[in-house]
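One file, run.csv, is given below (CSV, C-alpha atoms and all ligand atoms).
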```
chain,number,residue,atom,x,y,z
A,844,MET,CA,163.3,137.3,66.1
A,845,ALA,CA,163.6,139.6,63.0
A,846,GLU,CA,159.9,138.8,62.5
A,847,LEU,CA,158.9,140.4,65.7
A,848,THR,CA,158.5,144.1,66.2
A,849,GLY,CA,160.1,145.9,69.2
A,850,GLY,CA,156.7,146.0,70.9
A,851,GLU,CA,156.1,142.3,70.3
A,852,ARG,CA,159.5,141.5,71.7
A,853,ALA,CA,158.6,143.5,74.8
A,854,VAL,CA,155.3,141.7,75.3
A,855,ALA,CA,157.2,138.4,74.9
A,856,LEU,CA,159.8,139.3,77.5
A,857,TYR,CA,157.0,140.3,79.9
A,858,ALA,CA,155.5,136.9,79.5
A,859,SER,CA,158.8,135.0,79.7
A,860,ASP,CA,160.8,133.7,82.7
A,861,MET,CA,162.8,137.0,82.7
A,862,PRO,CA,163.2,137.9,86.4
A,863,ASP,CA,161.5,141.1,87.6
A,864,ARG,CA,164.8,142.4,88.7
A,865,PHE,CA,168.4,141.8,87.7
A,866,ARG,CA,171.5,143.9,87.5
A,867,ALA,CA,172.2,145.5,84.1
A,868,GLY,CA,175.0,143.8,82.3
A,869,VAL,CA,174.7,140.4,83.9
A,870,VAL,CA,172.3,139.1,81.2
A,871,THR,CA,173.7,138.0,77.8
A,872,ASP,CA,172.2,138.7,74.5
A,873,THR,CA,171.6,135.0,74.0
A,874,GLN,CA,169.6,134.9,77.2
A,875,VAL,CA,167.4,137.8,76.2
A,876,ALA,CA,166.8,136.2,72.8
A,877,ALA,CA,165.9,133.0,74.5
A,878,TRP,CA,163.4,134.8,76.8
A,879,ILE,CA,161.8,136.5,73.7
A,880,VAL,CA,161.4,133.1,72.0
A,881,GLN,CA,160.0,131.6,75.2
A,882,GLY,CA,157.5,134.4,75.8
A,883,ALA,CA,156.4,134.4,72.1
A,884,GLU,CA,155.7,130.7,72.3
A,885,ARG,CA,153.9,131.0,75.5
A,886,VAL,CA,151.6,133.8,74.3
A,887,GLY,CA,151.3,132.8,70.7
A,888,LEU,CA,151.9,135.1,67.7
A,889,ASP,CA,148.4,136.4,67.3
A,890,GLU,CA,148.0,137.3,70.9
A,891,LEU,CA,151.5,138.7,71.0
A,892,ARG,CA,150.5,141.1,68.1
A,893,ARG,CA,147.3,142.0,69.8
A,894,ARG,CA,148.9,142.8,73.1
A,895,ALA,CA,151.6,144.8,71.4
A,896,GLU,CA,149.1,146.9,69.5
A,897,PHE,CA,147.1,147.6,72.7
A,898,SER,CA,150.2,148.4,74.6
A,899,TYR,CA,151.3,150.9,71.9
A,900,GLY,CA,147.8,152.4,71.7
A,901,HIS,CA,147.9,152.9,75.4
A,902,ARG,CA,151.3,154.5,75.3
A,903,LEU,CA,150.2,156.9,72.5
A,904,LEU,CA,147.1,158.0,74.5
A,905,GLU,CA,149.3,158.3,77.7
A,906,MET,CA,151.8,160.6,76.0
A,907,SER,CA,148.8,162.9,75.3
A,908,ASN,CA,147.2,162.5,78.7
A,909,LEU,CA,144.2,161.0,77.1
A,910,VAL,CA,143.9,157.5,78.6
A,911,PRO,CA,140.3,156.8,79.5
A,912,VAL,CA,139.7,155.1,82.9
A,913,ASP,CA,138.5,151.8,81.4
A,914,VAL,CA,141.4,151.7,78.9
A,915,GLN,CA,143.9,152.3,81.8
A,916,ALA,CA,142.2,149.5,83.8
A,917,ARG,CA,142.5,147.0,81.0
A,918,HIS,CA,146.1,148.0,80.5
A,919,GLU,CA,146.9,147.4,84.1
A,920,GLN,CA,145.0,144.1,84.0
A,921,ARG,CA,147.1,142.9,81.1
A,922,PHE,CA,150.4,144.3,82.5
A,923,PRO,CA,150.0,144.4,86.3
A,924,LYS,CA,153.7,145.0,86.8
A,925,ALA,CA,154.5,148.4,85.4
A,926,ARG,CA,158.2,148.2,86.3
A,927,ARG,CA,158.4,144.8,84.6
A,928,LEU,CA,156.8,146.2,81.5
A,929,PHE,CA,159.2,149.1,81.4
A,930,LYS,CA,162.1,146.7,81.8
A,931,ALA,CA,160.8,144.5,79.1
A,932,GLN,CA,160.5,147.5,76.8
A,933,GLN,CA,164.0,148.6,77.6
A,934,MET,CA,165.4,145.1,76.9
A,935,ALA,CA,163.4,144.8,73.7
A,936,SER,CA,164.6,148.0,72.3
A,937,GLY,CA,168.2,146.9,73.1
A,938,THR,CA,167.8,144.0,70.8
A,939,LEU,CA,166.8,146.1,67.8
A,940,TRP,CA,170.3,147.1,66.6
A,941,ARG,CA,171.5,143.6,66.9
A,942,ASP,CA,168.5,141.8,65.4
A,943,PRO,CA,166.9,144.4,63.2
A,944,MET,CA,163.3,144.0,62.1
A,945,THR,CA,162.7,142.8,58.5
A,946,PRO,CA,161.1,145.5,56.3
A,947,LYS,CA,157.8,143.7,56.6
A,948,THR,CA,157.9,143.6,60.3
A,949,LEU,CA,159.0,147.2,60.4
A,950,ALA,CA,155.9,148.2,58.5
A,951,ARG,CA,153.8,146.6,61.3
A,952,ASN,CA,155.9,148.3,64.0
A,953,SER,CA,153.6,151.4,64.3
A,954,ALA,CA,150.4,149.4,64.6
A,955,ALA,CA,148.4,150.6,67.5
A,956,GLU,CA,144.9,149.9,68.8
A,957,VAL,CA,142.7,150.7,71.8
A,958,GLU,CA,140.8,147.9,73.4
A,959,GLY,CA,137.2,148.5,74.1
A,960,GLY,CA,137.0,151.7,72.0
A,961,CYS,CA,139.1,154.7,71.5
A,962,PRO,CA,138.1,158.1,72.9
A,963,CYS,CA,137.9,159.3,69.3
A,964,ARG,CA,135.1,156.7,68.6
A,965,GLY,CA,136.6,156.1,65.2
A,966,THR,CA,136.3,159.7,64.1
A,967,LYS,CA,140.1,160.3,64.4
A,968,SER,CA,139.4,163.4,66.5
A,969,ILE,CA,138.8,163.7,70.2
A,970,PRO,CA,136.4,166.5,71.4
A,971,MET,CA,138.1,168.5,74.1
A,972,TRP,CA,135.4,170.9,75.0
A,973,ALA,CA,132.4,172.6,73.5
A,974,ASP,CA,129.9,175.3,74.2
A,975,GLU,CA,127.1,176.6,72.1
A,976,ASP,CA,129.4,178.6,69.7
A,977,VAL,CA,132.7,176.8,69.6
A,978,SER,CA,133.9,173.3,69.9
A,979,VAL,CA,137.5,172.2,70.2
A,980,SER,CA,138.8,168.9,69.3
A,981,ARG,CA,142.2,167.4,68.7
A,982,GLY,CA,143.6,164.7,66.4
A,983,CYS,CA,143.5,161.2,67.9
A,984,PRO,CA,147.1,160.2,68.8
A,985,VAL,CA,146.2,156.6,67.8
A,986,HIS,CA,144.0,156.9,64.8
A,987,GLY,CA,144.7,160.4,63.6
A,988,ARG,CA,148.4,159.7,63.0
A,989,ALA,CA,149.9,160.3,59.6
A,990,THR,CA,150.7,156.9,58.3
A,991,ILE,CA,154.1,156.2,56.9
A,992,ARG,CA,154.3,153.5,54.3
A,993,HIS,CA,157.4,152.0,52.9
A,994,HIS,CA,157.3,151.3,49.2
A,995,ARG,CA,160.0,149.9,47.0
A,996,ALA,CA,159.5,149.8,43.2
A,997,GLY,CA,155.8,150.5,43.7
A,998,VAL,CA,155.4,147.4,45.9
A,999,ALA,CA,154.2,147.8,49.5
A,1000,LEU,CA,156.6,145.9,51.7
A,1101,ZN,ZN,141.2,157.0,68.1
```

Just give me the structure of the file as structure tokens.
Amino acid sequence: MAELTGGERAVALYASDMPDRFRAGVVTDTQVAAWIVQGAERVGLDELRRRAEFSYGHRLLEMSNLVPVDVQARHEQRFPKARRLFKAQQMASGTLWRDPMTPKTLARNSAAEVEGGCPCRGTKSIPMWADEDVSVSRGCPVHGRATIRHHRAGVAL
């Protein structure tokens, strides 16, 4: 589990046998860990990573109110149950203090991508409006982020 990011754990939980609804406190840590393993096996690690990156990319755009209609549609197709996704994200973040990510996994934790093309079109900046004299754009929340890298003794972890 330490090899999975919080986002990947959430995607795994979403794909697992975790019920849509259950009372808080009735589920043991062992059960949650078992669902994560089950979901990860069901989806496969490559696909798990892919979905986690898309999910985080969607969230970053959403926080800036910049989700294009087609990106929203793909997101809802991938995660039709919004409440379940929220629950899965909550449960996944609850596992992080108990089963922290390895440094290598942590370095992948901020990976985000937009399926089918980001509104910035790879330019890292999103045009907001333009007239003949002035154009205004803003940094892309997905691709324009300052990247934080962890180094130890000159070696990228
Ligand atoms: Zn972008």

Next item on the list: Go through A:Ala955, A:Ala925, A:Ile879, A:Val977 one by one, measure the shortest atom-to-atom distance of each to ligand ZN 1101 (chain A) using all atoms listed in the file, and give the residue with the smallest value.
Entry: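 Once distances to ligand ZN 1101 (chain A) are computed over all atoms listed in the file, the minimum belongs to A:Ala955.
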
Next item on the list: Determine, counting all atoms listed in the file, every residue of protein, DNA or RNA that lies within 10 Å of (163.9, 147.0, 66.9) in the file coordinates, then give the result as a PyMOL selection string.
Entry: chain A and resi 844-845+847-852+935-945+948-949+952

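Using only C-alpha atoms and all ligand atoms, the shortest contact distance between ligand ZN 1101 (chain A) and any of A:Met861, A:Val912, A:Leu928, A:Cys983 is found at A:Cys983.
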
Using 7 Å as the limit and counting all atoms listed in the file, can you tabulate each residue of chain A that touches ligand ZN 1101 (chain A), with its shortest atom-to-atom distance in Å and the two atoms involved, as a tab-separated table?
```
residue	atom	partner	partner_atom	distance
A:Cys961	CA	A:ZN1101	ZN	4.6
A:Pro962	CA	A:ZN1101	ZN	5.8
A:Cys963	CA	A:ZN1101	ZN	4.2
A:Arg964	CA	A:ZN1101	ZN	6.1
A:Gly965	CA	A:ZN1101	ZN	5.5
A:Thr966	CA	A:ZN1101	ZN	6.9
A:Lys967	CA	A:ZN1101	ZN	5.1
A:Ser968	CA	A:ZN1101	ZN	6.8
A:Cys983	CA	A:ZN1101	ZN	4.8
A:Pro984	CA	A:ZN1101	ZN	6.7
A:Val985	CA	A:ZN1101	ZN	5.0
A:His986	CA	A:ZN1101	ZN	4.3
A:Gly987	CA	A:ZN1101	ZN	6.6
```

Next item on the list: Please indicate the distance in Å from CA of Met971 in chain A to CA of Glu956 in chain A, rounded to one decimal place.
Entry: 20.5 Å

Check: Taking (171.9, 145.6, 81.2) in the file's coordinates as the center, which residues reach within 10 Å of it, counting only C-alpha atoms, put as a list in words?
Finding: Phe865, Arg866, Ala867, Gly868, Val869, Val870, Thr871, Asp872, Lys930, Gln933, Met934 and Gly937 of chain A

Margin query: For Asp863 in chain A, find every residue with an atom within 9 Å (counting all atoms listed in the file), except residues of its own chain fewer than 6 positions away, and show them as a ChimeraX atom specification.
Written below: /A:857,924,926-927,930

Notebook entry, point to check: Hey, which of A:Val914, A:Ala973, A:Val957, A:Ala931 ends up closest to Leu856 in chain A? Count only C-alpha atoms.
Noted result: A:Ala931

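Here CA of Gly960 in chain A and CA of Trp972 in chain A stand 19.5 Å from one another.
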
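Among the candidate residues A:Arg864, A:Arg951, A:Arg988, A:Arg981, the one lying nearest to Ala895 in chain A is A:Arg951, with distances computed using only C-alpha atoms.
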
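By all atoms listed in the file, and with residues fewer than 2 positions from Trp878 in chain A along its chain excluded, the set lying at most 8 Å from it is A:Ala855, A:Leu856, A:Ser859, A:Asp860, A:Met861, A:Gln874, A:Val875, A:Ala876, A:Val880, A:Gln881, A:Gly882.
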